[in-house]
Protein chains: 2
Amino acid sequence: MSDRPARPAADQGSDPAAAFQPHDHGHCSSAALDAAEARLAQQGARLTPVRRRTLEILLESPRAMGAYEVLDRLAAEGFGRQPPVAYRALEFLVSHGLAHRLQRLNAFAACLHPGHDHTPAFLICRSCDRVAEAEAAPIRAVLSDVASGAGFRVERATIEALGLCASCAADGAA
Amino acid sequence: MSDRPARPAADQGSDPAAAFQPHDHGHCSSAALDAAEARLAQQGARLTPVRRRTLEILLESPRAMGAYEVLDRLAAEGFGRQPPVAYRALEFLVSHGLAHRLQRLNAFAACLHPGHDHTPAFLICRSCDRVAEAEAAPIRAVLSDVASGAGFRVERATIEALGLCASCAADGAA
DNA sequence: AAGACAACCGTAACACTATAACAGCTCGTT
DNA sequence: AACGAGCTGTTATAGTGTTACGGTTGTCTT
């Protein structure tokens, strides 16, 4: 999982705060889609219309979206209107590192740094519901360390923080 | 069975004889239950029969249990058989630090160290399904640190690791 | 002791989340 | 043309969680 092509232009890289700022999603969306297509081609996977549209929908939202919310959008645009349509597309995106599933919310969000860190930590603002990705490597290191003290070998870790983002804190949200 | 099912004799609070009442199940968690009761008393909360039995059920299981699994047990013992019965008891236990909810599993487990660290990290063995609690303080410290780089203030963190426990690894589980 | 009140337990009904099983389509290969 | 693989769509069902309401009980007040 270490070979990765050139960084996409819209990669907001190391500044997770960017995710909490309003910005032009249409722009980051097309860059992300291009990057996605390139990554998938390497893996011999196809970004079919439903999958592409599903990813676009996720990219357009600053919040995580429930599967049925995504499904409603898809159905309104002429795709199938049964749950598996959305779940299959979402599962495909997640398994190819293009989207994430948030356990705490039963929801999905586009991956903003595809190819970077496939299982980041998530910062979920309880006021505006925006979701940001944070570097999980140092956290996972400590977790693995603590776990190995119990003889436990960590394979996958879910790290999700609920709290208040900078803008909401500035806006005086409790 | 009569139409008014028998309920576990576990009158709480004002009856001093309650302390002497023998358990139906000999093994136990009576120490944990006593501790729980003491903790609750301090908080002005009551360990009613349903709540007590729910905690016992969780304590008897090394795995996390789904709400409906708990509900089946409760219903079989004469308590209500509708979902809110289980969910209310579980929510009470969680909110008083006597049980935990595992987001990844949609399941609940008794807290093994009540009064210690109320939101530990969880180590979930994918082979035997057992759940262990690990010290989360150092992990949360790193998480808060990473998050603060994005101006995010962490309030609650979900840290759940999936992997292989020592015994399963020793038994040669993949 | 009687009434007011809050907490608790139970019920029915419903909402939300997710999967199983199966059928048809398309496309590349033989 | 026939085949198989992968994708999309369908119906039906399973699993998880909540809302709304009513009755009981225990406590506090008067």
# chains A, B, ... in the order shown; residues from 1 in each chain; ligands from 1
>>> residues_around(residues="DT25 (chain D)", least_positions_apart="5", cutoff="10 Å", atoms="only C-alpha atoms (C1' of nucleotides)", output="list in words")
DA7, DC8 and DC9 of chain C
>>> write_last_selection(atoms="all heavy atoms", output="CSV table (one decimal), in the first residue's frame")
chain,number,residue,atom,x,y,z
C,7,DA,P,-37.3,12.7,38.4
C,7,DA,OP1,-35.9,13.2,38.7
C,7,DA,OP2,-38.0,13.0,37.1
C,7,DA,O5',-37.2,11.1,38.6
C,7,DA,C5',-37.1,10.6,39.9
C,7,DA,C4',-37.3,9.1,39.9
C,7,DA,O4',-38.7,8.8,39.8
C,7,DA,C3',-36.7,8.4,38.7
C,7,DA,O3',-36.0,7.2,39.1
C,7,DA,C2',-37.9,8.1,37.8
C,7,DA,C1',-39.0,7.9,38.8
C,7,DA,N9,-40.3,8.1,38.3
C,7,DA,C8,-40.7,9.2,37.5
C,7,DA,N7,-42.0,9.2,37.2
C,7,DA,C5,-42.4,8.0,37.8
C,7,DA,C6,-43.7,7.4,37.8
C,7,DA,N6,-44.8,7.9,37.2
C,7,DA,N1,-43.8,6.2,38.5
C,7,DA,C2,-42.7,5.7,39.1
C,7,DA,N3,-41.5,6.2,39.1
C,7,DA,C4,-41.4,7.4,38.4
C,8,DC,P,-35.2,6.4,38.1
C,8,DC,OP1,-34.0,5.9,38.9
C,8,DC,OP2,-35.0,7.1,36.9
C,8,DC,O5',-36.1,5.1,37.8
C,8,DC,C5',-36.7,4.4,38.9
C,8,DC,C4',-37.8,3.5,38.4
C,8,DC,O4',-38.9,4.3,37.9
C,8,DC,C3',-37.4,2.7,37.2
C,8,DC,O3',-37.4,1.3,37.6
C,8,DC,C2',-38.5,2.9,36.2
C,8,DC,C1',-39.6,3.6,37.0
C,8,DC,N1,-40.5,4.5,36.2
C,8,DC,C2,-41.8,4.2,36.1
C,8,DC,O2,-42.3,3.2,36.5
C,8,DC,N3,-42.6,5.1,35.4
C,8,DC,C4,-42.1,6.2,34.9
C,8,DC,N4,-42.9,7.0,34.2
C,8,DC,C5,-40.7,6.5,35.0
C,8,DC,C6,-39.9,5.7,35.7
C,9,DC,P,-36.8,0.2,36.6
C,9,DC,OP1,-36.3,-0.9,37.5
C,9,DC,OP2,-36.0,0.9,35.6
C,9,DC,O5',-38.2,-0.4,36.0
C,9,DC,C5',-39.1,-1.0,36.8
C,9,DC,C4',-40.3,-1.3,35.9
C,9,DC,O4',-40.9,-0.1,35.5
C,9,DC,C3',-40.0,-2.1,34.7
C,9,DC,O3',-40.8,-3.4,34.7
C,9,DC,C2',-40.5,-1.3,33.5
C,9,DC,C1',-41.4,-0.2,34.2
C,9,DC,N1,-41.4,1.1,33.5
C,9,DC,C2,-42.6,1.6,33.1
C,9,DC,O2,-43.7,1.0,33.3
C,9,DC,N3,-42.7,2.9,32.6
C,9,DC,C4,-41.5,3.5,32.4
C,9,DC,N4,-41.6,4.8,31.8
C,9,DC,C5,-40.3,3.0,32.8
C,9,DC,C6,-40.2,1.8,33.4
>>> residues_around(residues="Gly97 (chain A)", least_positions_apart="3", cutoff="8 Å", atoms="only C-alpha atoms (C1' of nucleotides)", output="MDAnalysis selection string")
chainID A and resid 93:94 100 111 114:115 118
>>> closest_atom_pairs(of="chain B", to="chain A", cutoff="6 Å", atoms="only C-alpha atoms", output="Markdown table")
| residue | atom | partner | partner_atom | distance |
| --- | --- | --- | --- | --- |
| B:Gln103 | CA | A:Arg104 | CA | 5.9 |
| B:Arg104 | CA | A:Gln103 | CA | 5.9 |
| B:Ile139 | CA | A:Val142 | CA | 5.8 |
| B:Val142 | CA | A:Ile139 | CA | 5.9 |
| B:Ala150 | CA | A:Ala17 | CA | 4.5 |
| B:Gly151 | CA | A:Ala166 | CA | 4.8 |
| B:Phe152 | CA | A:Cys165 | CA | 4.4 |
| B:Arg153 | CA | A:Leu164 | CA | 5.3 |
| B:Val154 | CA | A:Gly163 | CA | 4.5 |
| B:Glu155 | CA | A:Gly163 | CA | 4.7 |
| B:Arg156 | CA | A:Leu162 | CA | 5.1 |
| B:Ala157 | CA | A:Ala161 | CA | 4.2 |
| B:Thr158 | CA | A:Glu160 | CA | 5.1 |
| B:Ile159 | CA | A:Ile159 | CA | 4.7 |
| B:Glu160 | CA | A:Thr158 | CA | 5.1 |
| B:Ala161 | CA | A:Ala157 | CA | 4.2 |
| B:Leu162 | CA | A:Arg156 | CA | 5.1 |
| B:Gly163 | CA | A:Val154 | CA | 4.5 |
| B:Leu164 | CA | A:Arg153 | CA | 5.3 |
| B:Cys165 | CA | A:Phe152 | CA | 4.5 |
| B:Ala166 | CA | A:Gly151 | CA | 4.8 |
>>> write_last_selection(atoms="N, CA and C atoms", output="CSV table (one decimal), in the first residue's frame")
chain,number,residue,atom,x,y,z
B,103,GLN,N,-19.1,0.6,20.0
B,103,GLN,CA,-19.7,1.1,18.7
B,103,GLN,C,-19.5,0.2,17.6
B,104,ARG,N,-18.3,-0.5,17.5
B,104,ARG,CA,-18.0,-1.3,16.4
B,104,ARG,C,-18.9,-2.5,16.3
B,139,ILE,N,-3.3,7.2,25.4
B,139,ILE,CA,-3.8,7.3,24.0
B,139,ILE,C,-4.6,8.6,23.8
B,142,VAL,N,-2.4,11.7,23.4
B,142,VAL,CA,-1.9,11.9,22.1
B,142,VAL,C,-3.0,12.4,21.1
B,150,ALA,N,-5.5,21.0,15.2
B,150,ALA,CA,-6.5,21.5,14.2
B,150,ALA,C,-7.5,22.4,14.9
B,151,GLY,N,-7.2,22.8,16.2
B,151,GLY,CA,-8.1,23.6,16.9
B,151,GLY,C,-9.3,22.9,17.4
B,152,PHE,N,-9.2,21.6,17.5
B,152,PHE,CA,-10.4,20.8,17.9
B,152,PHE,C,-10.2,20.4,19.3
B,153,ARG,N,-11.3,20.6,20.1
B,153,ARG,CA,-11.2,20.1,21.5
B,153,ARG,C,-12.0,18.8,21.7
B,154,VAL,N,-11.3,17.8,22.0
B,154,VAL,CA,-11.9,16.5,22.2
B,154,VAL,C,-12.6,16.4,23.5
B,155,GLU,N,-13.9,15.9,23.4
B,155,GLU,CA,-14.7,15.8,24.6
B,155,GLU,C,-14.9,14.3,25.0
B,156,ARG,N,-15.2,13.5,24.0
B,156,ARG,CA,-15.3,12.1,24.2
B,156,ARG,C,-14.6,11.4,23.1
B,157,ALA,N,-14.0,10.3,23.4
B,157,ALA,CA,-13.2,9.5,22.4
B,157,ALA,C,-13.6,8.1,22.4
B,158,THR,N,-13.8,7.6,21.2
B,158,THR,CA,-14.1,6.1,21.0
B,158,THR,C,-12.8,5.5,20.5
B,159,ILE,N,-12.3,4.6,21.3
B,159,ILE,CA,-11.0,3.9,20.8
B,159,ILE,C,-11.2,2.4,20.9
B,160,GLU,N,-11.4,1.8,19.8
B,160,GLU,CA,-11.6,0.4,19.8
B,160,GLU,C,-10.7,-0.3,18.8
B,161,ALA,N,-10.0,-1.3,19.3
B,161,ALA,CA,-9.0,-2.0,18.5
B,161,ALA,C,-9.5,-3.4,18.2
B,162,LEU,N,-9.4,-3.9,17.0
B,162,LEU,CA,-9.7,-5.2,16.6
B,162,LEU,C,-8.4,-5.9,16.4
B,163,GLY,N,-8.3,-7.2,16.9
B,163,GLY,CA,-7.1,-7.9,16.7
B,163,GLY,C,-7.1,-9.3,17.3
B,164,LEU,N,-6.0,-9.7,17.7
B,164,LEU,CA,-5.9,-11.1,18.2
B,164,LEU,C,-5.4,-11.1,19.7
B,165,CYS,N,-6.1,-11.7,20.6
B,165,CYS,CA,-5.6,-11.7,21.9
B,165,CYS,C,-4.5,-12.8,22.1
B,166,ALA,N,-3.9,-12.7,23.3
B,166,ALA,CA,-2.8,-13.6,23.5
B,166,ALA,C,-3.1,-15.1,23.4
>>> closest_atom_pairs(of="chain B", to="chain C", cutoff="8 Å", atoms="only C-alpha atoms (C1' of nucleotides)", output="JSON lines")
{"residue": "B:Gly80", "atom": "CA", "partner": "C:DG10", "partner_atom": "C1'", "distance": 6.1}
{"residue": "B:Gln82", "atom": "CA", "partner": "C:DT11", "partner_atom": "C1'", "distance": 7.4}
{"residue": "B:Val85", "atom": "CA", "partner": "C:DC9", "partner_atom": "C1'", "distance": 7.6}
>>> atom_distance(atom1="CA of Tyr87 (chain B)", atom2="C1' of DC21 (chain D)")
17.4 Å
>>> interface_residues(of="chain D", to="chain A", cutoff="9 Å", atoms="only C-alpha atoms (C1' of nucleotides)", output="compact mmCIF listing (two decimals) with N, CA and C atoms (P, O5', C5', C4', C3', O3' and C1' of nucleotides), in the first residue's frame")
# COMPACT_ATOMS: atom_id res chain seq x y z
P DC D 7 -17.10 -5.20 -10.42
O5' DC D 7 -18.54 -4.60 -10.76
C5' DC D 7 -18.74 -4.01 -12.04
C4' DC D 7 -20.22 -3.81 -12.28
C3' DC D 7 -20.97 -3.12 -11.13
O3' DC D 7 -21.44 -1.86 -11.59
C1' DC D 7 -22.18 -4.97 -12.02
P DT D 8 -22.16 -0.88 -10.62
O5' DT D 8 -23.69 -1.21 -10.84
C5' DT D 8 -24.30 -0.93 -12.09
C4' DT D 8 -25.74 -1.44 -12.10
C3' DT D 8 -26.60 -0.84 -10.97
O3' DT D 8 -27.67 -0.11 -11.55
C1' DT D 8 -26.86 -3.21 -11.14
P DG D 9 -28.56 0.80 -10.62
O5' DG D 9 -29.83 -0.13 -10.30
C5' DG D 9 -30.71 -0.48 -11.36
C4' DG D 9 -31.53 -1.69 -10.97
C3' DG D 9 -32.31 -1.56 -9.65
O3' DG D 9 -33.60 -1.01 -9.87
C1' DG D 9 -31.37 -3.75 -9.95
P DT D 10 -34.54 -0.82 -8.60
O5' DT D 10 -35.10 -2.28 -8.27
C5' DT D 10 -35.86 -2.99 -9.26
C4' DT D 10 -36.25 -4.36 -8.73
C3' DT D 10 -36.92 -4.31 -7.36
O3' DT D 10 -38.33 -4.31 -7.51
C1' DT D 10 -35.24 -6.02 -7.44
>>> atom_distance(atom1="CA of Leu47 (chain B)", atom2="CA of Leu112 (chain B)")
17.2 Å
>>> atom_distance(atom1="CA of Ala45 (chain B)", atom2="C1' of DT18 (chain D)")
23.6 Å
>>> closest_residue(among="B:Phe92, B:Ser30, B:Ala67, B:Glu77", to="Arg46 (chain B)", atoms="only C-alpha atoms")
B:Phe92
>>> select_by_dssp(residues="region 21-169 of chain B", states="alpha helix (DSSP H)", output="VMD selection string")
chain B and resid 30 to 43 49 to 60 67 to 76 83 to 95 137 to 148 166 to 169
>>> select_by_dssp(residues="region 10-174 of chain B", states="strand (DSSP E or B)", output="PDB file with N, CA and C atoms, in the first residue's frame")
ATOM      1  N   ARG B  63     -17.986 -11.884  26.488  1.00  0.00           N
ATOM      2  CA  ARG B  63     -18.146 -11.154  25.234  1.00  0.00           C
ATOM      3  C   ARG B  63     -19.059  -9.955  25.465  1.00  0.00           C
ATOM      4  N   MET B  65     -22.471  -8.072  24.540  1.00  0.00           N
ATOM      5  CA  MET B  65     -23.768  -8.617  24.147  1.00  0.00           C
ATOM      6  C   MET B  65     -24.614  -7.550  23.471  1.00  0.00           C
ATOM      7  N   ALA B  99     -21.164   0.012  32.706  1.00  0.00           N
ATOM      8  CA  ALA B  99     -21.076  -0.784  31.483  1.00  0.00           C
ATOM      9  C   ALA B  99     -20.583   0.116  30.361  1.00  0.00           C
ATOM     10  N   HIS B 100     -20.176  -0.522  29.288  1.00  0.00           N
ATOM     11  CA  HIS B 100     -19.678   0.230  28.139  1.00  0.00           C
ATOM     12  C   HIS B 100     -20.444  -0.171  26.896  1.00  0.00           C
ATOM     13  N   ARG B 101     -20.485   0.755  25.974  1.00  0.00           N
ATOM     14  CA  ARG B 101     -21.080   0.438  24.681  1.00  0.00           C
ATOM     15  C   ARG B 101     -19.949   0.340  23.669  1.00  0.00           C
ATOM     16  N   LEU B 102     -19.955  -0.723  22.883  1.00  0.00           N
ATOM     17  CA  LEU B 102     -18.935  -0.885  21.855  1.00  0.00           C
ATOM     18  C   LEU B 102     -19.522  -0.523  20.495  1.00  0.00           C
ATOM     19  N   ALA B 107     -22.874  -3.289  20.627  1.00  0.00           N
ATOM     20  CA  ALA B 107     -23.042  -4.212  21.737  1.00  0.00           C
ATOM     21  C   ALA B 107     -22.573  -3.565  23.041  1.00  0.00           C
ATOM     22  N   PHE B 108     -22.859  -4.269  24.131  1.00  0.00           N
ATOM     23  CA  PHE B 108     -22.572  -3.734  25.452  1.00  0.00           C
ATOM     24  C   PHE B 108     -21.772  -4.735  26.277  1.00  0.00           C
ATOM     25  N   ALA B 109     -20.942  -4.209  27.178  1.00  0.00           N
ATOM     26  CA  ALA B 109     -20.175  -5.085  28.055  1.00  0.00           C
ATOM     27  C   ALA B 109     -20.088  -4.444  29.431  1.00  0.00           C
ATOM     28  N   ALA B 110     -20.060  -5.274  30.455  1.00  0.00           N
ATOM     29  CA  ALA B 110     -19.923  -4.751  31.807  1.00  0.00           C
ATOM     30  C   ALA B 110     -18.567  -4.083  31.953  1.00  0.00           C
ATOM     31  N   ALA B 121      -9.880   2.233  26.424  1.00  0.00           N
ATOM     32  CA  ALA B 121      -9.774   1.710  25.075  1.00  0.00           C
ATOM     33  C   ALA B 121     -10.197   0.242  25.135  1.00  0.00           C
ATOM     34  N   PHE B 122     -10.774  -0.248  24.051  1.00  0.00           N
ATOM     35  CA  PHE B 122     -11.222  -1.627  24.049  1.00  0.00           C
ATOM     36  C   PHE B 122     -10.406  -2.457  23.085  1.00  0.00           C
ATOM     37  N   LEU B 123     -10.080  -3.654  23.548  1.00  0.00           N
ATOM     38  CA  LEU B 123      -9.351  -4.599  22.719  1.00  0.00           C
ATOM     39  C   LEU B 123     -10.287  -5.764  22.432  1.00  0.00           C
ATOM     40  N   ILE B 124     -10.681  -5.887  21.194  1.00  0.00           N
ATOM     41  CA  ILE B 124     -11.669  -6.885  20.816  1.00  0.00           C
ATOM     42  C   ILE B 124     -10.994  -7.980  20.002  1.00  0.00           C
ATOM     43  N   CYS B 125     -11.025  -9.198  20.532  1.00  0.00           N
ATOM     44  CA  CYS B 125     -10.392 -10.296  19.803  1.00  0.00           C
ATOM     45  C   CYS B 125     -11.323 -10.783  18.694  1.00  0.00           C
ATOM     46  N   ARG B 130     -13.760 -12.048  22.781  1.00  0.00           N
ATOM     47  CA  ARG B 130     -13.649 -11.478  24.108  1.00  0.00           C
ATOM     48  C   ARG B 130     -13.235 -10.020  24.016  1.00  0.00           C
ATOM     49  N   VAL B 131     -13.627  -9.268  25.028  1.00  0.00           N
ATOM     50  CA  VAL B 131     -13.322  -7.839  25.042  1.00  0.00           C
ATOM     51  C   VAL B 131     -12.538  -7.495  26.291  1.00  0.00           C
ATOM     52  N   ALA B 132     -11.446  -6.787  26.133  1.00  0.00           N
ATOM     53  CA  ALA B 132     -10.673  -6.330  27.281  1.00  0.00           C
ATOM     54  C   ALA B 132     -10.620  -4.815  27.290  1.00  0.00           C
ATOM     55  N   GLU B 133     -10.416  -4.271  28.476  1.00  0.00           N
ATOM     56  CA  GLU B 133     -10.282  -2.826  28.587  1.00  0.00           C
ATOM     57  C   GLU B 133      -8.811  -2.498  28.779  1.00  0.00           C
ATOM     58  N   ALA B 134      -8.376  -1.444  28.134  1.00  0.00           N
ATOM     59  CA  ALA B 134      -6.991  -1.022  28.287  1.00  0.00           C
ATOM     60  C   ALA B 134      -6.959   0.446  28.717  1.00  0.00           C
ATOM     61  N   ARG B 153     -11.277  20.550  20.078  1.00  0.00           N
ATOM     62  CA  ARG B 153     -11.236  20.142  21.483  1.00  0.00           C
ATOM     63  C   ARG B 153     -11.973  18.818  21.657  1.00  0.00           C
ATOM     64  N   VAL B 154     -11.265  17.804  22.018  1.00  0.00           N
ATOM     65  CA  VAL B 154     -11.864  16.477  22.182  1.00  0.00           C
ATOM     66  C   VAL B 154     -12.641  16.412  23.489  1.00  0.00           C
ATOM     67  N   GLU B 155     -13.869  15.946  23.399  1.00  0.00           N
ATOM     68  CA  GLU B 155     -14.664  15.781  24.620  1.00  0.00           C
ATOM     69  C   GLU B 155     -14.855  14.305  24.976  1.00  0.00           C
ATOM     70  N   ARG B 156     -15.165  13.528  23.976  1.00  0.00           N
ATOM     71  CA  ARG B 156     -15.296  12.092  24.205  1.00  0.00           C
ATOM     72  C   ARG B 156     -14.591  11.366  23.075  1.00  0.00           C
ATOM     73  N   ALA B 157     -13.952  10.267  23.395  1.00  0.00           N
ATOM     74  CA  ALA B 157     -13.233   9.537  22.358  1.00  0.00           C
ATOM     75  C   ALA B 157     -13.633   8.068  22.362  1.00  0.00           C
ATOM     76  N   THR B 158     -13.829   7.551  21.183  1.00  0.00           N
ATOM     77  CA  THR B 158     -14.089   6.129  21.010  1.00  0.00           C
ATOM     78  C   THR B 158     -12.815   5.495  20.494  1.00  0.00           C
ATOM     79  N   ILE B 159     -12.251   4.590  21.259  1.00  0.00           N
ATOM     80  CA  ILE B 159     -11.015   3.927  20.842  1.00  0.00           C
ATOM     81  C   ILE B 159     -11.228   2.427  20.949  1.00  0.00           C
ATOM     82  N   GLU B 160     -11.352   1.789  19.797  1.00  0.00           N
ATOM     83  CA  GLU B 160     -11.636   0.361  19.789  1.00  0.00           C
ATOM     84  C   GLU B 160     -10.692  -0.345  18.831  1.00  0.00           C
ATOM     85  N   ALA B 161      -9.960  -1.304  19.344  1.00  0.00           N
ATOM     86  CA  ALA B 161      -9.013  -2.034  18.509  1.00  0.00           C
ATOM     87  C   ALA B 161      -9.531  -3.438  18.236  1.00  0.00           C
ATOM     88  N   LEU B 162      -9.377  -3.856  16.999  1.00  0.00           N
ATOM     89  CA  LEU B 162      -9.734  -5.203  16.621  1.00  0.00           C
ATOM     90  C   LEU B 162      -8.426  -5.937  16.369  1.00  0.00           C
ATOM     91  N   GLY B 163      -8.321  -7.164  16.876  1.00  0.00           N
ATOM     92  CA  GLY B 163      -7.073  -7.886  16.670  1.00  0.00           C
ATOM     93  C   GLY B 163      -7.138  -9.267  17.284  1.00  0.00           C
ATOM     94  N   LEU B 164      -5.998  -9.718  17.731  1.00  0.00           N
ATOM     95  CA  LEU B 164      -5.885 -11.079  18.228  1.00  0.00           C
ATOM     96  C   LEU B 164      -5.358 -11.051  19.661  1.00  0.00           C
TER      97      LEU B 164
END
